[in-house]
file input_31.cif (mmCIF, C-alpha atoms)
data_data
loop_
_atom_site.group_PDB
_atom_site.id
_atom_site.type_symbol
_atom_site.label_atom_id
_atom_site.label_comp_id
_atom_site.auth_asym_id
_atom_site.auth_seq_id
_atom_site.Cartn_x
_atom_site.Cartn_y
_atom_site.Cartn_z
ATOM 1 C CA MET A 2 4.877 -18.307 -6.288
ATOM 2 C CA ALA A 3 1.136 -17.766 -6.144
ATOM 3 C CA PRO A 4 -0.648 -19.067 -3.049
ATOM 4 C CA ALA A 5 -2.736 -22.212 -3.284
ATOM 5 C CA PRO A 6 -6.404 -21.794 -4.235
ATOM 6 C CA ARG A 7 -8.492 -20.679 -1.274
ATOM 7 C CA THR A 8 -11.996 -19.534 -0.532
ATOM 8 C CA GLY A 9 -13.052 -15.995 0.334
ATOM 9 C CA TYR A 10 -11.373 -12.806 -0.850
ATOM 10 C CA ASP A 11 -8.432 -12.664 -3.192
ATOM 11 C CA VAL A 12 -6.948 -9.659 -1.389
ATOM 12 C CA LEU A 13 -7.574 -8.063 1.989
ATOM 13 C CA VAL A 14 -6.023 -4.673 2.731
ATOM 14 C CA LEU A 15 -5.483 -3.722 6.363
ATOM 15 C CA GLY A 16 -4.834 -0.108 7.215
ATOM 16 C CA GLU A 17 -5.900 3.480 7.341
ATOM 17 C CA VAL A 18 -8.202 5.495 5.097
ATOM 18 C CA LEU A 19 -7.676 9.251 5.035
ATOM 19 C CA VAL A 20 -9.453 12.357 3.891
ATOM 20 C CA GLU A 21 -7.157 13.959 1.326
ATOM 21 C CA ILE A 22 -6.996 17.737 0.839
ATOM 22 C CA HIS A 23 -5.011 18.483 -2.282
ATOM 23 C CA ALA A 24 -3.708 22.063 -2.546
ATOM 24 C CA ASP A 25 -3.333 23.722 -5.923
ATOM 25 C CA THR A 26 0.248 24.753 -5.166
ATOM 26 C CA ALA A 27 3.321 23.655 -3.248
ATOM 27 C CA LEU A 28 2.600 23.829 0.481
ATOM 28 C CA SER A 29 5.469 26.250 1.064
ATOM 29 C CA GLU A 30 3.670 28.642 -1.286
ATOM 30 C CA ALA A 31 0.165 28.191 0.129
ATOM 31 C CA ALA A 32 -1.447 31.499 0.983
ATOM 32 C CA ASP A 33 -4.799 32.901 2.010
ATOM 33 C CA GLY A 34 -7.196 31.920 -0.767
ATOM 34 C CA THR A 35 -5.154 29.010 -2.199
ATOM 35 C CA GLY A 36 -7.530 26.538 -3.819
ATOM 36 C CA ALA A 37 -7.831 22.887 -2.807
ATOM 37 C CA ARG A 38 -9.933 19.803 -3.509
ATOM 38 C CA ILE A 39 -11.119 17.000 -1.236
ATOM 39 C CA SER A 40 -10.719 13.358 -2.126
ATOM 40 C CA TYR A 41 -10.011 10.116 -0.255
ATOM 41 C CA SER A 42 -6.776 8.210 0.020
ATOM 42 C CA GLY A 43 -4.448 6.619 2.548
ATOM 43 C CA ASP A 44 -2.110 3.779 1.635
ATOM 44 C CA ALA A 45 -4.728 1.121 2.415
ATOM 45 C CA LEU A 46 -7.380 2.631 0.145
ATOM 46 C CA ASN A 47 -4.841 3.256 -2.622
ATOM 47 C CA ALA A 48 -3.655 -0.354 -2.553
ATOM 48 C CA ALA A 49 -7.181 -1.763 -2.255
ATOM 49 C CA ALA A 50 -8.399 0.275 -5.229
ATOM 50 C CA ALA A 51 -5.473 -0.958 -7.308
ATOM 51 C CA ALA A 52 -6.069 -4.582 -6.326
ATOM 52 C CA ALA A 53 -9.746 -4.353 -7.228
ATOM 53 C CA ALA A 54 -8.925 -2.722 -10.572
ATOM 54 C CA ALA A 55 -6.453 -5.543 -11.270
ATOM 55 C CA GLY A 56 -9.275 -8.052 -11.048
ATOM 56 C CA ALA A 57 -9.072 -9.258 -7.446
ATOM 57 C CA ARG A 58 -12.032 -9.607 -5.122
ATOM 58 C CA THR A 59 -10.853 -7.086 -2.550
ATOM 59 C CA ALA A 60 -12.036 -6.011 0.894
ATOM 60 C CA LEU A 61 -10.865 -3.194 3.131
ATOM 61 C CA LEU A 62 -10.207 -3.918 6.804
ATOM 62 C CA ALA A 63 -10.118 -0.558 8.547
ATOM 63 C CA VAL A 64 -11.662 1.591 11.259
ATOM 64 C CA VAL A 65 -13.349 4.802 10.157
ATOM 65 C CA GLY A 66 -14.798 7.640 12.185
ATOM 66 C CA ASP A 67 -18.189 9.069 12.954
ATOM 67 C CA ASP A 68 -17.761 12.489 11.344
ATOM 68 C CA GLU A 69 -19.641 13.814 8.345
ATOM 69 C CA LEU A 70 -17.001 12.645 5.870
ATOM 70 C CA SER A 71 -17.329 8.957 6.738
ATOM 71 C CA PHE A 72 -20.181 8.287 4.316
ATOM 72 C CA PRO A 73 -18.527 9.888 1.257
ATOM 73 C CA LEU A 74 -15.251 8.211 2.208
ATOM 74 C CA LEU A 75 -16.809 4.736 2.192
ATOM 75 C CA HIS A 76 -18.886 5.584 -0.867
ATOM 76 C CA ARG A 77 -15.704 6.445 -2.754
ATOM 77 C CA ALA A 78 -14.073 3.178 -1.712
ATOM 78 C CA ALA A 79 -17.107 1.235 -2.920
ATOM 79 C CA GLU A 80 -17.059 3.170 -6.201
ATOM 80 C CA LEU A 81 -13.509 1.920 -6.674
ATOM 81 C CA GLY A 82 -14.695 -1.678 -6.421
ATOM 82 C CA VAL A 83 -13.609 -2.299 -2.823
ATOM 83 C CA ASP A 84 -15.865 -4.219 -0.425
ATOM 84 C CA VAL A 85 -16.323 -2.017 2.648
ATOM 85 C CA SER A 86 -18.841 -4.212 4.444
ATOM 86 C CA HIS A 87 -16.269 -5.284 7.051
ATOM 87 C CA VAL A 88 -15.106 -1.783 7.976
ATOM 88 C CA ARG A 89 -15.563 -0.938 11.658
ATOM 89 C CA ARG A 90 -16.565 2.396 13.228
ATOM 90 C CA ALA A 91 -15.112 4.355 16.132
ATOM 91 C CA PRO A 92 -16.393 7.529 17.826
ATOM 92 C CA ARG A 93 -13.410 9.499 16.585
ATOM 93 C CA PRO A 94 -12.733 11.791 13.622
ATOM 94 C CA ASN A 95 -11.221 10.417 10.456
ATOM 95 C CA GLY A 96 -7.583 11.170 9.817
ATOM 96 C CA ALA A 97 -6.798 13.765 7.137
ATOM 97 C CA TYR A 98 -3.830 15.151 5.293
ATOM 98 C CA LEU A 99 -2.930 18.105 3.124
ATOM 99 C CA LEU A 100 -0.515 17.805 0.224
ATOM 100 C CA GLY A 101 0.703 19.913 -2.661
ATOM 101 C CA SER A 102 1.082 19.162 -6.357
ATOM 102 C CA ASP A 103 4.182 17.169 -7.279
ATOM 103 C CA THR A 104 5.298 14.785 -10.034
ATOM 104 C CA GLU A 105 8.553 13.425 -8.593
ATOM 105 C CA GLY A 106 7.414 11.787 -5.376
ATOM 106 C CA ASP A 107 9.291 14.242 -3.124
ATOM 107 C CA ARG A 108 6.122 15.608 -1.613
ATOM 108 C CA ALA A 109 5.308 17.669 1.456
ATOM 109 C CA PHE A 110 2.446 16.482 3.650
ATOM 110 C CA VAL A 111 0.677 17.892 6.693
ATOM 111 C CA TYR A 112 -1.258 15.260 8.649
ATOM 112 C CA TRP A 113 -4.063 15.405 11.208
ATOM 113 C CA ARG A 114 -4.344 11.885 12.556
ATOM 114 C CA THR A 115 -3.607 11.992 16.313
ATOM 115 C CA HIS A 116 -6.391 10.094 18.111
ATOM 116 C CA SER A 117 -8.030 9.348 14.750
ATOM 117 C CA ALA A 118 -10.458 6.503 14.229
ATOM 118 C CA GLY A 119 -7.824 4.648 12.225
ATOM 119 C CA SER A 120 -5.403 4.667 15.150
ATOM 120 C CA THR A 121 -7.838 2.609 17.246
ATOM 121 C CA LEU A 122 -7.202 -0.487 15.115
ATOM 122 C CA SER A 123 -6.391 -3.334 17.491
ATOM 123 C CA THR A 124 -6.105 -7.091 17.887
ATOM 124 C CA ARG A 125 -9.773 -7.053 18.911
ATOM 125 C CA HIS A 126 -10.599 -6.063 15.343
ATOM 126 C CA ILE A 127 -8.273 -8.737 13.993
ATOM 127 C CA GLU A 128 -10.106 -11.370 15.993
ATOM 128 C CA SER A 129 -13.414 -10.201 14.536
ATOM 129 C CA TRP A 130 -11.907 -10.586 11.041
ATOM 130 C CA ARG A 131 -10.094 -13.870 11.690
ATOM 131 C CA ASP A 132 -12.282 -15.980 9.402
ATOM 132 C CA LEU A 133 -11.758 -13.465 6.605
ATOM 133 C CA LEU A 134 -7.998 -13.443 7.133
ATOM 134 C CA THR A 135 -7.597 -17.208 7.251
ATOM 135 C CA GLY A 136 -9.773 -17.614 4.148
ATOM 136 C CA ALA A 137 -8.089 -14.949 2.020
ATOM 137 C CA LYS A 138 -5.440 -15.571 -0.607
ATOM 138 C CA ALA A 139 -3.439 -12.455 0.244
ATOM 139 C CA LEU A 140 -3.061 -9.576 2.710
ATOM 140 C CA VAL A 141 -1.577 -6.131 2.065
ATOM 141 C CA THR A 142 -0.496 -3.992 5.010
ATOM 142 C CA SER A 143 2.167 -1.441 5.851
ATOM 143 C CA GLY A 144 4.484 0.187 8.316
ATOM 144 C CA ILE A 145 2.276 3.276 8.301
ATOM 145 C CA THR A 146 -0.562 1.236 9.761
ATOM 146 C CA GLY A 147 1.782 -0.202 12.359
ATOM 147 C CA ALA A 148 3.015 3.272 13.313
ATOM 148 C CA LEU A 149 -0.396 4.749 14.144
ATOM 149 C CA SER A 150 -0.457 3.377 17.706
ATOM 150 C CA GLN A 151 0.764 0.449 19.778
ATOM 151 C CA SER A 152 -2.570 -1.284 19.281
ATOM 152 C CA SER A 153 -2.274 -0.816 15.512
ATOM 153 C CA ARG A 154 1.229 -2.261 15.555
ATOM 154 C CA ASP A 155 -0.017 -5.348 17.364
ATOM 155 C CA ALA A 156 -2.902 -5.615 14.905
ATOM 156 C CA VAL A 157 -0.590 -5.586 11.873
ATOM 157 C CA VAL A 158 1.482 -8.417 13.312
ATOM 158 C CA ALA A 159 -1.582 -10.444 14.316
ATOM 159 C CA ALA A 160 -3.157 -10.086 10.873
ATOM 160 C CA ALA A 161 0.047 -11.051 9.072
ATOM 161 C CA GLU A 162 0.492 -14.070 11.317
ATOM 162 C CA ALA A 163 -3.085 -15.196 10.712
ATOM 163 C CA VAL A 164 -2.751 -15.040 6.930
ATOM 164 C CA HIS A 165 0.735 -16.543 6.850
ATOM 165 C CA ASP A 166 -0.138 -19.391 9.200
ATOM 166 C CA ALA A 167 -3.182 -20.234 7.071
ATOM 167 C CA GLY A 168 -1.008 -20.521 3.957
ATOM 168 C CA GLY A 169 -1.819 -17.138 2.438
ATOM 169 C CA HIS A 170 0.473 -14.506 0.952
ATOM 170 C CA VAL A 171 1.478 -11.322 2.819
ATOM 171 C CA SER A 172 2.654 -8.138 1.064
ATOM 172 C CA TYR A 173 4.249 -5.472 3.255
ATOM 173 C CA ASP A 174 5.509 -1.964 2.567
ATOM 174 C CA PRO A 175 7.572 -0.521 5.449
ATOM 175 C CA ASN A 176 6.647 3.044 4.336
ATOM 176 C CA PHE A 177 8.795 4.665 7.011
ATOM 177 C CA ARG A 178 7.466 8.037 8.170
ATOM 178 C CA SER A 179 9.712 9.799 10.691
ATOM 179 C CA ARG A 180 6.852 12.010 11.903
ATOM 180 C CA LEU A 181 4.873 8.912 12.850
ATOM 181 C CA THR A 182 7.479 6.638 14.379
ATOM 182 C CA GLY A 183 11.135 6.320 15.303
ATOM 183 C CA ARG A 184 13.634 4.126 13.503
ATOM 184 C CA ALA A 185 13.924 1.693 16.394
ATOM 185 C CA GLU A 186 10.175 1.052 16.494
ATOM 186 C CA ALA A 187 9.961 0.720 12.697
ATOM 187 C CA ARG A 188 12.888 -1.697 12.634
ATOM 188 C CA GLU A 189 11.342 -3.773 15.395
ATOM 189 C CA LEU A 190 8.079 -4.068 13.451
ATOM 190 C CA LEU A 191 9.983 -4.904 10.264
ATOM 191 C CA ALA A 192 11.864 -7.691 12.032
ATOM 192 C CA ARG A 193 8.568 -9.230 13.151
ATOM 193 C CA ILE A 194 6.830 -8.899 9.782
ATOM 194 C CA ALA A 195 9.605 -9.709 7.303
ATOM 195 C CA PRO A 196 9.636 -13.490 7.972
ATOM 196 C CA LEU A 197 5.893 -13.585 7.224
ATOM 197 C CA THR A 198 6.058 -11.767 3.875
ATOM 198 C CA GLY A 199 5.946 -13.191 0.390
ATOM 199 C CA LEU A 200 6.529 -9.724 -1.084
ATOM 200 C CA LEU A 201 8.188 -6.792 0.631
ATOM 201 C CA LYS A 202 8.081 -3.568 -1.372
ATOM 202 C CA THR A 203 10.341 -0.758 -0.216
ATOM 203 C CA SER A 204 11.821 2.521 -1.410
ATOM 204 C CA CYS A 205 15.491 3.408 -1.625
ATOM 205 C CA PRO A 206 17.051 5.450 -0.217
ATOM 206 C CA ALA A 207 14.118 6.690 1.911
ATOM 207 C CA ASP A 208 12.971 3.457 3.605
ATOM 208 C CA ALA A 209 16.179 1.525 3.124
ATOM 209 C CA GLN A 210 18.474 4.129 4.656
ATOM 210 C CA ALA A 211 16.322 4.394 7.767
ATOM 211 C CA LEU A 212 15.517 0.712 8.219
ATOM 212 C CA VAL A 213 18.448 -1.321 6.895
ATOM 213 C CA GLY A 214 21.175 1.323 6.806
ATOM 214 C CA THR A 215 21.982 1.578 3.115
ATOM 215 C CA GLY A 216 21.179 3.675 0.064
ATOM 216 C CA ASP A 217 22.136 0.918 -2.367
ATOM 217 C CA PRO A 218 19.139 -1.032 -3.781
ATOM 218 C CA ARG A 219 20.958 -4.383 -4.097
ATOM 219 C CA THR A 220 22.352 -4.192 -0.581
ATOM 220 C CA ALA A 221 18.954 -3.136 0.735
ATOM 221 C CA ALA A 222 17.229 -6.089 -0.937
ATOM 222 C CA ALA A 223 19.790 -8.501 0.492
ATOM 223 C CA ARG A 224 19.336 -7.084 3.986
ATOM 224 C CA TYR A 225 15.545 -7.301 3.826
ATOM 225 C CA ARG A 226 15.836 -10.885 2.636
ATOM 226 C CA ALA A 227 18.238 -11.634 5.492
ATOM 227 C CA LEU A 228 15.437 -10.562 7.834
ATOM 228 C CA GLY A 229 13.233 -13.249 6.290
ATOM 229 C CA ALA A 230 11.358 -11.608 3.399
ATOM 230 C CA ARG A 231 10.981 -14.120 0.565
ATOM 231 C CA THR A 232 10.865 -11.601 -2.300
ATOM 232 C CA VAL A 233 11.894 -7.937 -2.203
ATOM 233 C CA VAL A 234 11.040 -5.142 -4.633
ATOM 234 C CA VAL A 235 13.061 -1.947 -4.290
ATOM 235 C CA THR A 236 11.949 1.243 -6.016
ATOM 236 C CA ALA A 237 14.617 3.873 -6.536
ATOM 237 C CA GLY A 238 13.056 6.805 -8.356
ATOM 238 C CA ALA A 239 10.733 7.022 -11.318
ATOM 239 C CA GLY A 240 12.670 4.740 -13.668
ATOM 240 C CA ARG A 241 14.328 2.078 -11.504
ATOM 241 C CA LEU A 242 13.013 -1.062 -9.848
ATOM 242 C CA LEU A 243 15.021 -3.960 -8.453
ATOM 243 C CA LEU A 244 13.434 -7.394 -8.001
ATOM 244 C CA ASP A 245 15.239 -9.864 -5.734
ATOM 245 C CA ASP A 246 13.496 -13.234 -5.506
ATOM 246 C CA GLY A 247 16.300 -15.056 -3.725
ATOM 247 C CA THR A 248 17.742 -16.572 -6.878
ATOM 248 C CA ARG A 249 18.860 -13.340 -8.517
ATOM 249 C CA ALA A 250 18.496 -9.591 -8.202
ATOM 250 C CA GLU A 251 17.606 -7.812 -11.437
ATOM 251 C CA HIS A 252 16.662 -4.307 -12.481
ATOM 252 C CA HIS A 253 13.437 -4.034 -14.474
ATOM 253 C CA PRO A 254 12.436 -1.222 -16.822
ATOM 254 C CA VAL A 255 9.623 0.955 -15.515
ATOM 255 C CA PRO A 256 7.213 2.244 -18.201
ATOM 256 C CA VAL A 257 7.504 6.001 -18.584
ATOM 257 C CA ASN A 258 4.450 8.180 -18.128
ATOM 258 C CA PRO A 259 4.809 11.054 -20.611
ATOM 259 C CA ALA A 260 2.458 13.371 -18.715
ATOM 260 C CA PRO A 261 2.900 12.911 -14.939
ATOM 261 C CA VAL A 262 0.681 14.939 -12.635
ATOM 262 C CA ASP A 263 1.171 13.595 -9.108
ATOM 263 C CA ALA A 264 3.161 10.632 -7.777
ATOM 264 C CA THR A 265 1.063 10.260 -4.610
ATOM 265 C CA GLY A 266 0.094 6.616 -4.052
ATOM 266 C CA ALA A 267 2.126 5.179 -6.943
ATOM 267 C CA GLY A 268 3.914 2.756 -4.631
ATOM 268 C CA ASP A 269 0.606 1.645 -3.127
ATOM 269 C CA CYS A 270 -0.772 1.127 -6.629
ATOM 270 C CA PHE A 271 2.210 -1.093 -7.422
ATOM 271 C CA THR A 272 1.750 -3.191 -4.292
ATOM 272 C CA GLY A 273 -2.004 -3.585 -4.709
ATOM 273 C CA THR A 274 -1.724 -4.533 -8.372
ATOM 274 C CA ALA A 275 1.180 -6.950 -7.962
ATOM 275 C CA THR A 276 -0.447 -8.635 -4.968
ATOM 276 C CA ALA A 277 -3.733 -9.001 -6.831
ATOM 277 C CA ARG A 278 -2.069 -10.612 -9.825
ATOM 278 C CA LEU A 279 -0.119 -13.008 -7.595
ATOM 279 C CA ALA A 280 -3.361 -13.967 -5.857
ATOM 280 C CA LEU A 281 -4.954 -14.576 -9.254
ATOM 281 C CA GLY A 282 -2.175 -16.943 -10.289
ATOM 282 C CA ASP A 283 0.297 -14.866 -12.304
ATOM 283 C CA ARG A 284 4.031 -15.516 -12.207
ATOM 284 C CA LEU A 285 6.044 -13.191 -9.977
ATOM 285 C CA ALA A 286 7.800 -11.434 -12.866
ATOM 286 C CA ASP A 287 4.482 -10.841 -14.629
ATOM 287 C CA ALA A 288 2.785 -9.567 -11.475
ATOM 288 C CA VAL A 289 5.676 -7.138 -10.959
ATOM 289 C CA ALA A 290 5.429 -5.969 -14.578
ATOM 290 C CA TYR A 291 1.717 -5.269 -14.133
ATOM 291 C CA GLY A 292 2.434 -3.463 -10.865
ATOM 292 C CA MET A 293 4.988 -1.205 -12.543
ATOM 293 C CA ALA A 294 2.625 -0.412 -15.406
ATOM 294 C CA ALA A 295 -0.273 0.402 -13.087
ATOM 295 C CA ALA A 296 1.929 2.615 -10.916
ATOM 296 C CA SER A 297 3.155 4.497 -13.976
ATOM 297 C CA LEU A 298 -0.383 5.101 -15.200
ATOM 298 C CA SER A 299 -1.535 6.190 -11.738
ATOM 299 C CA VAL A 300 0.648 9.304 -11.704
ATOM 300 C CA SER A 301 -1.595 10.857 -14.366
ATOM 301 C CA GLY A 302 -4.143 11.678 -11.659
ATOM 302 C CA ARG A 303 -4.145 13.962 -8.647
ATOM 303 C CA GLY A 304 -4.011 12.317 -5.256
ATOM 304 C CA GLY A 305 -3.824 8.728 -4.164
ATOM 305 C CA THR A 306 -6.919 7.529 -6.005
ATOM 306 C CA GLY A 307 -7.213 10.224 -8.653
ATOM 307 C CA ARG A 308 -6.196 7.801 -11.405
ATOM 308 C CA VAL A 309 -6.771 4.088 -10.880
ATOM 309 C CA PRO A 310 -6.065 2.357 -14.204
ATOM 310 C CA THR A 311 -8.242 -0.481 -15.429
ATOM 311 C CA PHE A 312 -6.510 -3.804 -15.871
ATOM 312 C CA PRO A 313 -6.777 -3.751 -19.686
ATOM 313 C CA GLU A 314 -4.939 -0.409 -19.610
ATOM 314 C CA THR A 315 -2.331 -1.832 -17.245
ATOM 315 C CA ALA A 316 -1.857 -4.994 -19.305
ATOM 316 C CA ALA A 317 -1.485 -3.030 -22.516
ATOM 317 C CA LEU A 318 1.235 -0.801 -21.085
ATOM 318 C CA ALA A 319 3.027 -3.751 -19.479
ATOM 319 C CA ALA A 320 3.057 -5.570 -22.815
ATOM 320 C CA GLU A 321 5.012 -2.671 -24.336
ATOM 321 C CA THR A 322 7.947 -3.226 -21.973
ATOM 322 C CA ALA A 323 7.761 -6.952 -21.144
ATOM 323 C CA ASP A 324 7.015 -10.135 -23.087
ATOM 324 C CA LEU A 325 3.953 -11.233 -21.166
ATOM 325 C CA PRO A 326 1.596 -14.146 -21.737
ATOM 326 C CA PRO A 327 -2.186 -13.515 -21.603
ATOM 327 C CA PRO A 328 -3.052 -12.611 -17.978
ATOM 328 C CA ALA A 329 -4.871 -15.047 -15.719
ATOM 329 C CA CYS A 330 -8.584 -14.371 -15.299
#
call {"tool": "encode", "arguments": {"input": "input_31.cif", "output": "structure tokens"}}
result
Amino acid sequence: MAPAPRTGYDVLVLGEVLVEIHADTALSEAADGTGARISYSGDALNAAAAAAAAGARTALLAVVGDDELSFPLLHRAAELGVDVSHVRRAPRPNGAYLLGSDTEGDRAFVYWRTHSAGSTLSTRHIESWRDLLTGAKALVTSGITGALSQSSRDAVVAAAEAVHDAGGHVSYDPNFRSRLTGRAEARELLARIAPLTGLLKTSCPADAQALVGTGDPRTAAARYRALGARTVVVTAGAGRLLLDDGTRAEHHPVPVNPAPVDATGAGDCFTGTATARLALGDRLADAVAYGMAAASLSVSGRGGTGRVPTFPETAALAAETADLPPPAC
């Protein structure tokens, strides 16, 4: 169900923004002289860009650094339609990551984010954003954000509680990363967040095996729901998505992209788009259909924000695979 009408932003996205260095080859084949390009990504920026493109008034809640890349980073976010006026600064470098070209989602990453500006996110920031959080229709956040530091973990919980307690919708992606956090810590955060979520989007087997001990999408969805999540979406490769809303668990067809380039950020694009459409009043099944279409289109670009589809493009592709009514404005 869509949240009740509220004032303020349609969607707030809490998390980390990263400098993205995209190599022209697989990382295992990188050599002296391998070409690369710089762009800007991170799961929070990817989801925020998707939400804005889907028609939601969207703001980014993040901490960025004081290095020379901060201005182009925020400029890129603003170009994507995201309000960055509430972003905070810290006297730290921005986090960065290197990745190689890939179309299947099984990508190799090298991160530089220890002591980054993003890791300083804390409940102090949440308090400064409290009026925004309690006035927003929806919040998107993730397990990656919660894994950056203890203060970030506390911030994720505090933000989700603020939105939930005010009657808003919370979308959460566990996004388990073993190089960032252990299973015990990720499971503890999941247990605290799941009861607050209206939509929990997860991958299987990657997230599900680590966090709920199964590689089966239906079993995973049931276990996430047992933790308190109201609705669970499980992605299991390029062509499979399971939606469990508590009344039934059904597989939905994912539109096929005939010319994939890079799957980076596709899951974030799904979450941002689906959350935006829920905030704007669409039915759950329709919001999920739009999320799948946007995610499919997004893999035509390089990097997390290399291809952010417009909503007319998303709606047109979704209409090819689902019988959808005209979208809400």
call {"tool": "residues_around", "arguments": {"input": "input_31.cif", "residues": "A:Arg184", "least_positions_apart": "6", "cutoff": "10 Å", "atoms": "all atoms listed in the file", "output": "NGL selection string"}}
result
:A and (177-178 or 190 or 208 or 211-213)
call {"tool": "residues_around", "arguments": {"input": "input_31.cif", "residues": "A:Ala275", "least_positions_apart": "4", "cutoff": "6 Å", "atoms": "all atoms listed in the file", "output": "number ranges by chain"}}
result
A: 271, 288-289, 292
call {"tool": "residues_around", "arguments": {"input": "input_31.cif", "residues": "A:Val64", "least_positions_apart": "3", "cutoff": "6 Å", "atoms": "only C-alpha atoms", "output": "number ranges by chain"}}
result
A: 88-90, 118-119
call {"tool": "residues_around", "arguments": {"input": "input_31.cif", "residues": "A:Arg93", "least_positions_apart": "6", "cutoff": "12 Å", "atoms": "all atoms listed in the file", "output": "list in words"}}
result
Val64, Val65, Gly66, Asp67, Asp68, Glu69, Leu70, Ser71, Arg114, Thr115, His116, Ser117, Ala118, Gly119, Ser120, Thr121 and Leu122 of chain A
call {"tool": "resolve_selection", "arguments": {"input": "input_31.cif", "expression": "the PyMOL selection byres ((chain A and resi 256) around 12)", "output": "NGL selection string"}}
result
:A and (239-242 or 253-255 or 257-259 or 261 or 289-300 or 315-323)
call {"tool": "residues_around", "arguments": {"input": "input_31.cif", "residues": "stretch 197-206 of chain A", "least_positions_apart": "2", "cutoff": "6 Å", "atoms": "all atoms listed in the file", "output": "PyMOL selection string"}}
result
chain A and resi 165+170-174+194-195+208-210+216+230-237
call {"tool": "atom_distance", "arguments": {"input": "input_31.cif", "atom1": "atom CA of A:Thr182", "atom2": "atom CA of A:Ala91"}}
result
22.8 Å
call {"tool": "resolve_selection", "arguments": {"input": "input_31.cif", "expression": "the PyMOL selection byres ((chain A and resi 228) around 7)", "output": "ChimeraX atom specification"}}
result
/A:192,195-196,224-227,229-230
call {"tool": "resolve_selection", "arguments": {"input": "input_31.cif", "expression": "the PyMOL selection byres ((chain A and resi 86) around 10)", "output": "JSON, numbers by chain"}}
result
{"A": [60, 61, 62, 75, 79, 83, 84, 85, 87, 88, 89]}
call {"tool": "atom_distance", "arguments": {"input": "input_31.cif", "atom1": "atom CA of A:Arg308", "atom2": "atom CA of A:Ala207"}}
result
24.3 Å
call {"tool": "closest_residue", "arguments": {"input": "input_31.cif", "among": "A:Thr311, A:Ser301, A:Thr274, A:Thr265", "to": "A:Ala139", "atoms": "all atoms listed in the file"}}
result
A:Thr274
call {"tool": "atom_distance", "arguments": {"input": "input_31.cif", "atom1": "atom CA of A:Leu181", "atom2": "atom CA of A:Val18"}}
result
15.6 Å
call {"tool": "closest_residue", "arguments": {"input": "input_31.cif", "among": "A:Ala24, A:Leu13, A:Leu279, A:Cys270", "to": "A:Leu134", "atoms": "only C-alpha atoms"}}
result
A:Leu13
call {"tool": "closest_residue", "arguments": {"input": "input_31.cif", "among": "A:Thr142, A:Thr215, A:Gln151, A:Ser42", "to": "A:Thr306", "atoms": "only C-alpha atoms"}}
result
A:Ser42
call {"tool": "axis_aligned_box", "arguments": {"input": "input_31.cif", "around": "stretch 162-177 of chain A", "padding_each_side": "6 Å", "output": "AutoDock Vina command-line options"}}
result
--center_x 2.8 --center_y -7.9 --center_z 6.1 --size_x 24.0 --size_y 37.2 --size_z 22.4
call {"tool": "residues_near_point", "arguments": {"input": "input_31.cif", "point": "(-5.6, 12.3, 4.8)", "cutoff": "10 Å", "atoms": "all atoms listed in the file", "output": "list of chain:residue names"}}
result
A:Glu17, A:Val18, A:Leu19, A:Val20, A:Glu21, A:Ile22, A:His23, A:Ile39, A:Ser40, A:Tyr41, A:Ser42, A:Gly43, A:Asp44, A:Asn95, A:Gly96, A:Ala97, A:Tyr98, A:Leu99, A:Leu100, A:Phe110, A:Val111, A:Tyr112, A:Trp113, A:Arg114, A:Gly305
call {"tool": "closest_residue", "arguments": {"input": "input_31.cif", "among": "A:Asp132, A:Asp11, A:Glu314, A:Asp25", "to": "A:Thr276", "atoms": "all atoms listed in the file"}}
result
A:Asp11
